[in-house]
file target.tsv (TSV, C-alpha atoms)
chain	number	residue	atom	x	y	z
K	134	MET	CA	18.41	-20.08	8.94
K	135	THR	CA	16.45	-23.30	8.82
K	136	GLU	CA	15.32	-25.13	5.74
K	137	ALA	CA	11.58	-25.64	5.56
K	138	LYS	CA	10.17	-29.15	5.34
K	139	ASP	CA	6.62	-29.57	4.12
K	140	SER	CA	4.70	-31.61	6.69
K	141	THR	CA	1.27	-31.26	5.11
K	142	THR	CA	1.72	-32.10	1.42
K	143	ASP	CA	3.95	-34.37	-0.65
K	144	SER	CA	3.82	-32.20	-3.75
K	145	ALA	CA	7.21	-31.29	-5.19
K	146	ALA	CA	5.78	-28.77	-7.61
K	147	GLY	CA	6.33	-25.82	-5.33
K	148	LYS	CA	9.75	-26.75	-3.97
K	149	GLY	CA	11.55	-24.38	-6.32
K	150	ALA	CA	9.13	-21.52	-5.76
K	151	ASP	CA	10.44	-18.18	-4.48
K	152	VAL	CA	8.22	-18.39	-1.41
K	153	LEU	CA	6.91	-21.56	0.27
K	154	PHE	CA	3.87	-22.01	2.49
K	155	GLU	CA	3.21	-24.92	4.83
K	156	ARG	CA	1.11	-25.86	7.80
K	157	ARG	CA	2.84	-27.64	10.65
K	158	GLY	CA	0.16	-28.43	13.16
K	159	GLY	CA	-1.41	-25.09	14.02
K	160	LEU	CA	1.59	-23.15	12.70
K	161	GLY	CA	1.53	-21.54	9.26
K	162	VAL	CA	5.12	-21.41	8.03
K	163	ILE	CA	6.34	-18.96	5.38
K	164	THR	CA	9.79	-19.53	3.90
K	165	LEU	CA	11.31	-16.94	1.58
K	166	ASN	CA	13.12	-19.16	-0.87
K	167	ARG	CA	15.69	-17.17	-2.83
K	168	PRO	CA	18.79	-17.97	-0.75
K	169	ARG	CA	21.28	-16.97	-3.46
K	170	ALA	CA	19.73	-13.46	-3.43
K	171	VAL	CA	19.45	-13.45	0.38
K	172	ASN	CA	15.70	-13.90	-0.19
K	173	ALA	CA	15.23	-10.47	-1.77
K	174	LEU	CA	11.56	-9.75	-2.41
K	175	THR	CA	10.05	-9.72	-5.89
K	176	ALA	CA	6.62	-8.53	-7.00
K	177	GLY	CA	5.42	-12.11	-7.30
K	178	MET	CA	6.59	-12.92	-3.78
K	179	VAL	CA	4.79	-10.03	-2.09
K	180	ASP	CA	1.61	-10.86	-4.00
K	181	LEU	CA	1.77	-14.44	-2.70
K	182	LEU	CA	2.50	-13.19	0.82
K	183	LEU	CA	-0.53	-10.93	0.77
K	184	ARG	CA	-2.81	-13.68	-0.46
K	185	GLN	CA	-1.63	-16.37	1.96
K	186	LEU	CA	-1.49	-14.12	5.02
K	187	THR	CA	-5.00	-12.95	4.28
K	188	ALA	CA	-6.22	-16.53	3.91
K	189	TRP	CA	-4.53	-17.69	7.11
K	190	ALA	CA	-5.93	-14.74	9.05
K	191	GLY	CA	-9.38	-16.28	8.57
K	192	ASP	CA	-8.37	-19.94	8.95
K	193	ASP	CA	-9.31	-21.32	12.39
K	194	ASP	CA	-6.83	-24.18	11.92
K	195	VAL	CA	-3.92	-21.72	11.88
K	196	ALA	CA	-3.09	-20.45	15.37
K	197	ALA	CA	0.10	-18.56	14.54
K	198	VAL	CA	2.29	-17.67	11.55
K	199	LEU	CA	6.07	-17.90	11.29
K	200	MET	CA	8.27	-16.01	8.80
K	201	GLN	CA	11.74	-17.34	7.98
K	202	GLY	CA	14.30	-17.25	5.19
K	203	ALA	CA	15.92	-20.17	3.39
K	204	GLY	CA	19.68	-20.58	3.47
K	205	GLU	CA	22.30	-19.35	5.90
K	206	ARG	CA	22.70	-15.72	4.90
K	207	GLY	CA	19.62	-14.01	6.18
K	208	LEU	CA	15.88	-13.57	6.41
K	209	CYS	CA	15.66	-11.00	3.62
K	210	ALA	CA	18.06	-8.46	2.10
K	211	GLY	CA	15.19	-6.20	1.02
K	212	GLY	CA	13.46	-5.62	-2.28
K	213	ASP	CA	14.94	-6.77	-5.59
K	214	ILE	CA	16.62	-3.48	-6.46
K	215	VAL	CA	18.00	-4.76	-9.74
K	216	ALA	CA	14.41	-5.28	-10.89
K	217	ILE	CA	13.61	-1.76	-9.70
K	218	TYR	CA	16.61	-0.41	-11.64
K	219	ARG	CA	15.47	-2.12	-14.83
K	220	ASP	CA	11.94	-0.82	-14.34
K	221	MET	CA	13.27	2.73	-13.96
K	222	LEU	CA	15.39	2.42	-17.11
K	223	HIS	CA	12.36	1.34	-19.12
K	224	GLY	CA	9.95	3.84	-17.56
K	225	GLY	CA	7.61	1.15	-16.31
K	226	ASN	CA	5.05	1.07	-13.51
K	227	GLY	CA	6.25	-2.20	-12.02
K	228	THR	CA	7.95	-0.64	-9.00
K	229	ALA	CA	4.92	1.43	-7.99
K	230	ASP	CA	2.74	-1.68	-8.28
K	231	PHE	CA	5.27	-3.67	-6.24
K	232	TRP	CA	5.24	-1.06	-3.48
K	233	GLN	CA	1.44	-0.98	-3.44
K	234	THR	CA	1.34	-4.69	-2.65
K	235	GLU	CA	4.40	-4.70	-0.38
K	236	TYR	CA	3.01	-1.92	1.80
K	237	CYS	CA	-0.31	-3.77	2.04
K	238	VAL	CA	1.67	-6.73	3.41
K	239	ASN	CA	3.44	-4.47	5.92
K	240	SER	CA	0.15	-3.00	7.10
K	241	LEU	CA	-1.49	-6.42	7.38
K	242	ILE	CA	1.39	-7.82	9.44
K	243	ALA	CA	1.14	-4.89	11.88
K	244	ARG	CA	-2.54	-5.60	12.56
K	245	TYR	CA	-2.48	-9.36	12.14
K	246	PRO	CA	-5.14	-11.06	14.28
K	247	LYS	CA	-2.83	-13.93	15.25
K	248	PRO	CA	0.71	-14.18	16.63
K	249	TYR	CA	3.19	-13.40	13.86
K	250	VAL	CA	6.65	-14.77	14.61
K	251	ALA	CA	9.61	-13.46	12.60
K	252	LEU	CA	13.00	-15.21	12.76
K	253	MET	CA	15.32	-12.28	12.08
K	254	ASP	CA	18.46	-14.33	11.66
K	255	GLY	CA	21.29	-13.05	9.45
K	256	LEU	CA	20.69	-10.10	7.13
K	257	VAL	CA	17.42	-8.22	7.62
K	258	LEU	CA	17.55	-5.12	5.47
K	259	GLY	CA	15.03	-2.70	3.96
K	260	GLY	CA	12.02	-4.71	2.84
K	261	GLY	CA	13.13	-7.49	5.19
K	262	VAL	CA	12.45	-5.12	8.07
K	263	GLY	CA	8.96	-4.54	6.70
K	264	ILE	CA	8.01	-8.22	6.78
K	265	SER	CA	9.44	-8.80	10.25
K	266	ALA	CA	9.62	-5.73	12.51
K	267	HIS	CA	5.88	-5.02	12.25
K	268	GLY	CA	5.13	-8.43	13.74
K	269	ASN	CA	4.40	-9.07	17.40
K	270	VAL	CA	6.94	-11.85	18.13
K	271	ARG	CA	10.26	-10.71	16.67
K	272	VAL	CA	13.30	-12.90	17.31
K	273	VAL	CA	16.92	-11.89	16.71
K	274	THR	CA	20.08	-13.98	16.99
K	275	GLU	CA	23.83	-13.46	17.31
K	276	ARG	CA	23.95	-13.44	13.48
K	277	THR	CA	21.40	-10.65	13.01
K	278	ARG	CA	22.57	-7.75	10.87
K	279	MET	CA	19.64	-5.40	10.53
K	280	GLY	CA	19.30	-2.01	8.92
K	281	MET	CA	17.61	0.49	6.65
K	282	PRO	CA	20.47	1.36	4.25
K	283	GLU	CA	18.36	3.22	1.68
K	284	THR	CA	20.29	6.50	1.79
K	285	THR	CA	23.26	4.58	0.36
K	286	ILE	CA	21.36	3.96	-2.89
K	287	GLY	CA	19.72	7.38	-3.20
K	288	PHE	CA	16.42	6.37	-1.62
K	289	ALA	CA	14.80	6.74	1.82
K	290	PRO	CA	13.61	4.16	4.37
K	291	ASP	CA	10.19	2.79	3.49
K	292	VAL	CA	8.05	-0.29	4.39
K	293	GLY	CA	7.10	1.62	7.55
K	294	GLY	CA	10.74	1.97	8.55
K	295	THR	CA	10.40	5.68	9.29
K	296	PHE	CA	7.42	4.90	11.55
K	297	LEU	CA	9.51	2.43	13.55
K	298	LEU	CA	12.69	4.48	13.73
K	299	ALA	CA	10.84	7.68	14.66
K	300	ARG	CA	9.73	5.86	17.84
K	301	ALA	CA	13.17	4.58	18.85
K	302	PRO	CA	14.73	5.95	22.08
K	303	GLY	CA	15.98	9.50	21.76
K	304	GLU	CA	17.62	10.18	18.42
K	305	SER	CA	18.96	6.64	17.95
K	306	GLY	CA	16.49	5.99	15.13
K	307	THR	CA	17.61	9.13	13.34
K	308	HIS	CA	21.22	7.96	13.55
K	309	ALA	CA	20.31	4.51	12.21
K	310	ALA	CA	18.28	5.95	9.32
K	311	LEU	CA	20.73	8.62	8.14
K	312	THR	CA	23.87	6.46	8.37
K	313	GLY	CA	22.21	3.24	7.17
K	314	ALA	CA	24.31	1.35	9.71
K	315	HIS	CA	23.93	-2.40	10.14
K	316	LEU	CA	22.63	-3.25	13.61
K	317	GLY	CA	23.32	-6.28	15.76
K	318	ALA	CA	20.81	-8.03	17.97
K	319	GLY	CA	21.36	-5.74	20.97
K	320	ASP	CA	20.81	-2.60	18.93
K	321	ALA	CA	17.74	-4.04	17.18
K	322	LEU	CA	16.21	-4.75	20.59
K	323	PHE	CA	17.16	-1.31	21.90
K	324	LEU	CA	15.60	0.44	18.89
K	325	GLY	CA	12.35	-1.47	19.37
K	326	LEU	CA	12.73	-3.45	16.14
K	327	ALA	CA	12.79	-6.83	17.90
K	328	ASP	CA	11.51	-8.48	21.07
K	329	ARG	CA	13.60	-11.50	22.11
K	330	TYR	CA	17.08	-12.92	21.61
K	331	VAL	CA	17.45	-16.62	20.76
K	332	PRO	CA	20.79	-18.21	19.73
K	333	SER	CA	20.72	-19.36	16.12
K	334	ASP	CA	21.46	-22.99	17.00
K	335	ALA	CA	18.21	-23.09	18.99
K	336	LEU	CA	16.00	-21.99	16.07
K	337	PRO	CA	15.19	-25.52	14.82
K	338	ARG	CA	14.03	-26.50	18.31
K	339	LEU	CA	12.06	-23.27	18.63
K	340	MET	CA	10.29	-23.99	15.34
K	341	ALA	CA	9.40	-27.49	16.50
K	342	ALA	CA	8.01	-26.09	19.76
K	343	LEU	CA	5.91	-23.52	17.90
K	344	GLU	CA	3.98	-26.34	16.24
K	345	HIS	CA	2.26	-27.17	19.53
K	346	GLU	CA	3.03	-24.32	21.95
K	347	SER	CA	2.00	-20.68	22.06
K	348	PRO	CA	4.66	-18.32	20.68
K	349	ASP	CA	5.08	-16.62	24.05
K	350	ALA	CA	5.72	-19.95	25.79
K	351	ALA	CA	7.97	-21.35	23.09
K	352	VAL	CA	10.09	-18.23	22.60
K	353	GLY	CA	10.26	-17.76	26.36
K	354	ARG	CA	11.83	-21.20	26.79
K	355	PHE	CA	14.61	-20.56	24.29
K	356	ALA	CA	15.25	-16.85	24.81
K	357	GLU	CA	18.50	-15.78	26.43
K	358	GLU	CA	20.03	-12.56	27.70
K	359	PRO	CA	20.87	-10.46	24.62
K	360	PRO	CA	24.22	-8.82	23.94
K	361	ALA	CA	24.53	-5.23	25.08
K	362	SER	CA	23.38	-2.48	22.73
K	363	VAL	CA	26.19	-0.33	21.37
K	364	LEU	CA	23.77	2.50	20.60
K	365	ALA	CA	22.40	2.52	24.13
K	366	GLY	CA	25.88	3.36	25.39
K	367	GLN	CA	26.22	6.20	22.88
K	368	ARG	CA	23.05	8.08	23.71
K	369	ASP	CA	24.89	11.20	24.92
K	370	TRP	CA	26.45	12.17	21.60
K	371	ILE	CA	23.69	10.70	19.46
K	372	ASP	CA	20.90	12.60	21.23
K	373	ALA	CA	22.90	15.83	21.32
K	374	CYS	CA	24.07	15.78	17.71
K	375	TYR	CA	20.91	14.54	16.00
K	376	ALA	CA	18.47	16.83	17.84
K	377	SER	CA	17.94	19.06	14.83
K	378	ASP	CA	15.58	19.16	11.86
K	379	ASP	CA	18.42	20.31	9.59
K	380	ALA	CA	20.73	17.64	8.18
K	381	GLY	CA	23.57	20.11	7.67
K	382	GLU	CA	23.37	21.13	11.32
K	383	ILE	CA	23.45	17.48	12.38
K	384	VAL	CA	26.64	16.87	10.40
K	385	ALA	CA	28.21	20.02	11.84
K	386	ARG	CA	27.38	18.91	15.38
K	387	LEU	CA	28.82	15.46	14.73
K	388	ARG	CA	32.05	16.95	13.42
K	389	SER	CA	32.40	19.34	16.38
K	390	TRP	CA	31.57	16.82	19.13
K	391	THR	CA	34.46	16.59	21.59
K	392	GLY	CA	33.10	14.40	24.37
K	393	PRO	CA	33.15	10.61	24.73
K	394	GLY	CA	32.32	9.05	21.38
K	395	GLN	CA	34.17	11.68	19.37
K	396	GLN	CA	35.57	9.16	16.89
K	397	GLU	CA	32.19	7.48	16.43
K	398	ALA	CA	30.58	10.88	15.82
K	399	LEU	CA	33.17	11.74	13.17
K	400	GLU	CA	32.57	8.39	11.48
K	401	ALA	CA	28.82	9.04	11.49
K	402	ALA	CA	29.35	12.45	9.88
K	403	ALA	CA	31.51	10.91	7.16
K	404	ALA	CA	28.93	8.19	6.55
K	405	ILE	CA	26.11	10.72	6.16
K	406	GLU	CA	28.15	12.93	3.83
K	407	ALA	CA	28.78	9.94	1.56
K	408	LYS	CA	25.05	9.34	1.08
K	409	SER	CA	22.75	11.03	-1.40
K	410	PRO	CA	22.21	14.55	0.00
K	411	THR	CA	18.63	14.51	-1.26
K	412	SER	CA	18.00	11.15	0.37
K	413	VAL	CA	19.45	12.31	3.67
K	414	LYS	CA	17.26	15.40	3.81
K	415	VAL	CA	14.11	13.57	2.70
K	416	THR	CA	14.80	10.80	5.22
K	417	LEU	CA	15.17	13.27	8.07
K	418	ALA	CA	11.95	15.03	7.09
K	419	SER	CA	10.19	11.66	6.80
K	420	LEU	CA	11.24	10.69	10.31
K	421	ARG	CA	10.10	13.96	11.85
K	422	ARG	CA	6.73	13.75	10.10
K	423	ALA	CA	6.26	10.05	10.89
K	424	ALA	CA	6.50	10.73	14.63
K	425	ALA	CA	2.95	12.14	14.50
K	426	LEU	CA	1.48	9.65	11.99
K	427	THR	CA	-0.08	6.20	12.16
K	428	LEU	CA	1.64	3.34	10.38
K	429	ASP	CA	-0.77	3.47	7.44
K	430	GLU	CA	-0.34	7.24	7.16
K	431	THR	CA	3.42	6.74	7.23
K	432	LEU	CA	3.25	4.12	4.48
K	433	ALA	CA	1.25	6.57	2.35
K	434	GLN	CA	3.90	9.23	3.00
K	435	GLU	CA	6.72	6.83	2.11
K	436	TYR	CA	4.90	5.87	-1.08
K	437	ARG	CA	4.66	9.52	-2.15
K	438	ALA	CA	8.36	10.00	-1.52
K	439	GLY	CA	9.19	6.77	-3.33
K	440	ILE	CA	7.33	7.80	-6.47
K	441	ARG	CA	9.29	11.08	-6.47
K	442	PHE	CA	12.56	9.17	-6.06
K	443	LEU	CA	11.64	7.05	-9.10
K	444	ALA	CA	11.27	10.24	-11.13
K	445	GLY	CA	14.61	11.66	-9.95
K	446	THR	CA	18.21	10.70	-10.69
K	447	ASP	CA	19.81	9.71	-7.38
K	448	PHE	CA	17.89	6.46	-6.85
K	449	ARG	CA	18.89	5.12	-10.25
K	450	GLU	CA	22.46	6.37	-9.81
K	451	GLY	CA	22.76	4.83	-6.36
K	452	ILE	CA	21.70	1.38	-7.54
K	453	ARG	CA	24.03	1.66	-10.51
K	454	ALA	CA	27.01	2.53	-8.33
K	455	GLN	CA	26.34	0.02	-5.56
K	456	VAL	CA	24.81	-2.97	-7.34
K	457	VAL	CA	25.04	-2.77	-11.14
K	458	ASP	CA	28.48	-1.34	-12.00
K	459	LYS	CA	29.71	-1.66	-8.39
K	460	ASP	CA	32.16	1.23	-8.74
K	461	ARG	CA	30.95	2.61	-5.37
K	462	ASN	CA	31.28	6.11	-6.83
K	463	PRO	CA	27.80	7.58	-7.20
K	464	GLN	CA	27.49	11.05	-8.69
K	465	TRP	CA	24.74	12.65	-6.63
K	466	LYS	CA	22.73	15.58	-7.99
K	467	PRO	CA	22.70	17.87	-6.04
K	468	ALA	CA	26.10	16.89	-4.71
K	469	THR	CA	25.97	18.50	-1.25
K	470	LEU	CA	23.48	18.94	1.57
K	471	ALA	CA	23.65	22.70	1.21
K	472	GLU	CA	22.47	22.49	-2.41
K	473	VAL	CA	19.26	20.62	-1.50
K	474	LEU	CA	16.72	23.37	-0.89
K	475	PRO	CA	13.72	23.10	1.47
K	476	GLY	CA	11.25	23.39	-1.39
K	477	GLN	CA	12.86	20.42	-3.12
K	478	VAL	CA	12.39	18.32	0.00
K	479	ASP	CA	8.80	19.44	0.52
K	480	ARG	CA	7.84	18.30	-2.98
K	481	PHE	CA	8.55	14.69	-2.01
K	482	PHE	CA	5.59	14.77	0.38
K	483	GLN	CA	2.99	16.45	-1.80
K	484	PRO	CA	-0.11	14.47	-2.92
K	485	LEU	CA	0.35	12.41	-6.05
K	486	ASP	CA	-1.44	13.30	-9.25
K	487	GLY	CA	-1.35	9.69	-10.39
K	488	GLY	CA	-3.07	8.18	-7.35
K	489	GLU	CA	-2.23	7.66	-3.71
K	490	LEU	CA	-1.33	4.43	-1.95
K	491	ASP	CA	-4.34	2.16	-1.53
K	492	LEU	CA	-3.98	-0.11	1.51
K	493	ARG	CA	-7.47	-1.53	1.18
K	494	PRO	CA	-7.54	-2.88	-2.38
K	495	GLN	CA	-10.68	-4.77	-3.29
K	496	ALA	CA	-9.23	-7.85	-4.95
K	497	GLY	CA	-12.05	-10.31	-4.67
K	498	PRO	CA	-11.53	-13.09	-2.14
K	499	HIS	CA	-8.08	-11.80	-1.23
K	500	SER	CA	-9.04	-8.27	-0.17
K	501	LEU	CA	-7.53	-7.12	3.08
K	502	PRO	CA	-9.42	-7.39	6.35
K	503	GLU	CA	-10.50	-4.28	8.16
K	504	LEU	CA	-8.33	-3.25	11.06
K	505	GLY	CA	-8.92	-5.62	13.95
K	506	SER	CA	-11.33	-7.88	12.05
K	507	ARG	CA	-11.03	-11.34	10.53
K	508	PRO	CA	-11.31	-11.59	6.74
K	509	ASP	CA	-14.08	-13.59	5.14
K	510	VAL	CA	-11.99	-15.57	2.65
K	511	PRO	CA	-12.27	-19.15	1.43
K	512	VAL	CA	-10.02	-21.67	3.15
K	513	LYS	CA	-7.57	-23.22	0.72
K	514	GLU	CA	-7.40	-27.02	0.48
K	515	ALA	CA	-3.66	-26.93	-0.11
K	516	ASP	CA	-1.21	-24.67	1.64
K	517	HIS	CA	0.98	-23.83	-1.35
K	518	ALA	CA	-0.14	-20.68	-3.14
call {"tool": "encode", "arguments": {"input": "target.tsv", "output": "structure tokens"}}
result
Amino acid sequence: MTEAKDSTTDSAAGKGADVLFERRGGLGVITLNRPRAVNALTAGMVDLLLRQLTAWAGDDDVAAVLMQGAGERGLCAGGDIVAIYRDMLHGGNGTADFWQTEYCVNSLIARYPKPYVALMDGLVLGGGVGISAHGNVRVVTERTRMGMPETTIGFAPDVGGTFLLARAPGESGTHAALTGAHLGAGDALFLGLADRYVPSDALPRLMAALEHESPDAAVGRFAEEPPASVLAGQRDWIDACYASDDAGEIVARLRSWTGPGQQEALEAAAAIEAKSPTSVKVTLASLRRAAALTLDETLAQEYRAGIRFLAGTDFREGIRAQVVDKDRNPQWKPATLAEVLPGQVDRFFQPLDGGELDLRPQAGPHSLPELGSRPDVPVKEADHA
């Protein structure tokens, strides 16, 4: 990770902010600035991201945007799940509001009218995938550890993660989603979650080049041959075992696989069985449905599922076990895949009585641009939101 230096203002007021915005020449630089929390996203952060990205989309002085994380640990470890846990305990609406804004950011990044460069160095998990993998210039390094580990905490991949993983080669995306495995640079490239490999020690020079070069030219100069993908070499057992719409059948196939990769298949089965059974089944259904949806349709589907997870027990229990009490012993209800009935899964995808996801909120000067258009927003005099 590289520390951001403000080259356009001398104001110190925003230095301790959770997200920093600068202009360096024609490059708009975003720095997530919660290094002690691996830059986990808060509601305030995603609101600022939406506002500044919208403003820069219509600013002719900004030719490209770069997303990075402060500190050495990673770009972003996801959403602030402790805040989500507290919101669930108090029956609030904060999490739903957070997702509304976060998913707007994800959608905007995917259709951004300018090059959007994401430095996916270190940890890139959950919500971190949403603010990076939807971009069009996605850079990984030897330190990249990427993943959608939501089934571990009784949730399902969101931020458009099911859209991305449903389009990965063969059943590799299904494997990544159900196991929640951390992925290195080679696997991220293989899955289609990243574009180029640049060694981490070259990132400061890449950033300097981006101030006056096009992203394609700059990244092209520093990109190197990536490490081999482990998943690419395991396609035989992954494609054979995960080619089912039934999670129980997938686990059975993994446990009975006897060809090359037998040990890896057994480990995958054990990993899946340790997750929330409800989360596993909803995740699998989400992936299969997302294969025929647009990104915005997928985000709406993920939002519906997310609201249902908030109302259930496994999401709260998963965060408690993994992050709050840290006993790593969640008590899932239902406790097994066989106990999760098809009707229970289907309910996660039904329309919401309380309102669907709105990806085109009319919020005055910061409303989102239409797909493929440039927003008519006032240009800010200063670059710090």
call {"tool": "closest_residue", "arguments": {"input": "target.tsv", "among": "K:Asp230, K:Asp447, K:Asp369, K:Asp254", "to": "Glu283 in chain K", "atoms": "all atoms listed in the file"}}
result
K:Asp447
call {"tool": "closest_residue", "arguments": {"input": "target.tsv", "among": "K:Leu160, K:Val292, K:Ala398, K:Ala380", "to": "Gln434 in chain K", "atoms": "only C-alpha atoms"}}
result
K:Val292
call {"tool": "closest_residue", "arguments": {"input": "target.tsv", "among": "K:Ala407, K:Leu165, K:Ala385, K:Ala321", "to": "Pro360 in chain K", "atoms": "all atoms listed in the file"}}
result
K:Ala321
call {"tool": "residues_around", "arguments": {"input": "target.tsv", "residues": "His345 in chain K", "least_positions_apart": "6", "cutoff": "10 Å", "atoms": "all atoms listed in the file", "output": "list in words"}}
result
Arg157, Gly158, Gly159, Leu160, Ala196 and Ala351 of chain K
call {"tool": "closest_residue", "arguments": {"input": "target.tsv", "among": "K:Leu343, K:Val257, K:Ile440, K:Ala356", "to": "Ala314 in chain K", "atoms": "only C-alpha atoms"}}
result
K:Val257
call {"tool": "residues_around", "arguments": {"input": "target.tsv", "residues": "Arg388 in chain K", "least_positions_apart": "5", "cutoff": "10 Å", "atoms": "all atoms listed in the file", "output": "ChimeraX atom specification"}}
result
/K:374,382-383,395-403
call {"tool": "atom_distance", "arguments": {"input": "target.tsv", "atom1": "CA of Arg453 in chain K", "atom2": "CA of Pro282 in chain K"}}
result
15.2 Å
call {"tool": "closest_residue", "arguments": {"input": "target.tsv", "among": "K:Cys237, K:Ala203, K:Cys209, K:Ala341", "to": "Leu183 in chain K", "atoms": "all atoms listed in the file"}}
result
K:Cys237
call {"tool": "residues_around", "arguments": {"input": "target.tsv", "residues": "Leu322 in chain K", "least_positions_apart": "6", "cutoff": "10 Å", "atoms": "all atoms listed in the file", "output": "VMD selection string"}}
result
chain K and resid 271 to 273 301 316 328 to 330 359 to 362
call {"tool": "residues_near_point", "arguments": {"input": "target.tsv", "point": "(15.2, 23.7, 4.1)", "cutoff": "10 Å", "atoms": "all atoms listed in the file", "output": "compact mmCIF listing (two decimals) with C-alpha atoms, in the frame of the given file"}}
result
# COMPACT_ATOMS: atom_id res chain seq x y z
CA ASP K 378 15.58 19.16 11.86
CA ASP K 379 18.42 20.31 9.59
CA ALA K 380 20.73 17.64 8.18
CA GLY K 381 23.57 20.11 7.67
CA LYS K 414 17.26 15.40 3.81
CA ALA K 418 11.95 15.03 7.09
CA LEU K 470 23.48 18.94 1.57
CA ALA K 471 23.65 22.70 1.21
CA GLU K 472 22.47 22.49 -2.41
CA VAL K 473 19.26 20.62 -1.50
CA LEU K 474 16.72 23.37 -0.89
CA PRO K 475 13.72 23.10 1.47
CA GLY K 476 11.25 23.39 -1.39
CA GLN K 477 12.86 20.42 -3.12
CA VAL K 478 12.39 18.32 0.00
CA ASP K 479 8.80 19.44 0.52
call {"tool": "atom_distance", "arguments": {"input": "target.tsv", "atom1": "CA of Glu406 in chain K", "atom2": "CA of Asp220 in chain K"}}
result
28.0 Å
call {"tool": "atom_distance", "arguments": {"input": "target.tsv", "atom1": "CA of Asp151 in chain K", "atom2": "CA of Met178 in chain K"}}
result
6.6 Å
call {"tool": "closest_residue", "arguments": {"input": "target.tsv", "among": "K:Leu428, K:Leu297, K:Leu199, K:Met281", "to": "Ala342 in chain K", "atoms": "all atoms listed in the file"}}
result
K:Leu199
call {"tool": "residues_around", "arguments": {"input": "target.tsv", "residues": "Leu311 in chain K", "least_positions_apart": "6", "cutoff": "7 Å", "atoms": "all atoms listed in the file", "output": "list in words"}}
result
Thr284, Ile405, Val413 and Thr416 of chain K
call {"tool": "residues_around", "arguments": {"input": "target.tsv", "residues": "Thr175 in chain K", "least_positions_apart": "3", "cutoff": "10 Å", "atoms": "all atoms listed in the file", "output": "list in words"}}
result
Asp151, Val152, Arg167, Asn172, Met178, Val179, Asp180, Gly211, Gly212, Asp213, Ile214, Ala216, Ile217, Thr228, Phe231 and Glu235 of chain K
call {"tool": "write_last_selection", "arguments": {"input": "target.tsv", "atoms": "C-alpha atoms", "output": "PDB file, in the frame of the given file"}}
result
ATOM      1  CA  ASP K 151      10.440 -18.180  -4.480  1.00  0.00           C
ATOM      2  CA  VAL K 152       8.220 -18.390  -1.410  1.00  0.00           C
ATOM      3  CA  ARG K 167      15.690 -17.170  -2.830  1.00  0.00           C
ATOM      4  CA  ASN K 172      15.700 -13.900  -0.190  1.00  0.00           C
ATOM      5  CA  MET K 178       6.590 -12.920  -3.780  1.00  0.00           C
ATOM      6  CA  VAL K 179       4.790 -10.030  -2.090  1.00  0.00           C
ATOM      7  CA  ASP K 180       1.610 -10.860  -4.000  1.00  0.00           C
ATOM      8  CA  GLY K 211      15.190  -6.200   1.020  1.00  0.00           C
ATOM      9  CA  GLY K 212      13.460  -5.620  -2.280  1.00  0.00           C
ATOM     10  CA  ASP K 213      14.940  -6.770  -5.590  1.00  0.00           C
ATOM     11  CA  ILE K 214      16.620  -3.480  -6.460  1.00  0.00           C
ATOM     12  CA  ALA K 216      14.410  -5.280 -10.890  1.00  0.00           C
ATOM     13  CA  ILE K 217      13.610  -1.760  -9.700  1.00  0.00           C
ATOM     14  CA  THR K 228       7.950  -0.640  -9.000  1.00  0.00           C
ATOM     15  CA  PHE K 231       5.270  -3.670  -6.240  1.00  0.00           C
ATOM     16  CA  GLU K 235       4.400  -4.700  -0.380  1.00  0.00           C
TER      17      GLU K 235
END
call {"tool": "decode", "arguments": {"input": "target.tsv", "residues": "range 172-181 of chain K", "atoms": "N, CA and C atoms", "output": "compact mmCIF listing (two decimals), in the first residue's frame"}}
result
# COMPACT_ATOMS: atom_id res chain seq x y z
N ASN K 172 -9.06 -0.73 6.44
CA ASN K 172 -9.87 0.16 5.60
C ASN K 172 -11.30 -0.34 5.38
N ALA K 173 -11.85 -1.00 6.40
CA ALA K 173 -13.24 -1.47 6.31
C ALA K 173 -14.17 -0.29 6.08
N LEU K 174 -15.19 -0.51 5.27
CA LEU K 174 -16.08 0.56 4.84
C LEU K 174 -17.16 0.85 5.87
N THR K 175 -17.39 2.13 6.13
CA THR K 175 -18.49 2.57 6.97
C THR K 175 -19.53 3.27 6.11
N ALA K 176 -20.69 3.56 6.71
CA ALA K 176 -21.74 4.26 5.98
C ALA K 176 -21.26 5.63 5.51
N GLY K 177 -20.54 6.34 6.39
CA GLY K 177 -20.04 7.65 6.00
C GLY K 177 -19.06 7.58 4.85
N MET K 178 -18.24 6.54 4.81
CA MET K 178 -17.26 6.39 3.73
C MET K 178 -17.92 6.16 2.38
N VAL K 179 -18.93 5.27 2.34
CA VAL K 179 -19.54 5.00 1.04
C VAL K 179 -20.35 6.20 0.56
N ASP K 180 -20.90 6.98 1.49
CA ASP K 180 -21.59 8.20 1.08
C ASP K 180 -20.61 9.17 0.43
N LEU K 181 -19.44 9.34 1.03
CA LEU K 181 -18.42 10.22 0.46
C LEU K 181 -17.93 9.69 -0.89
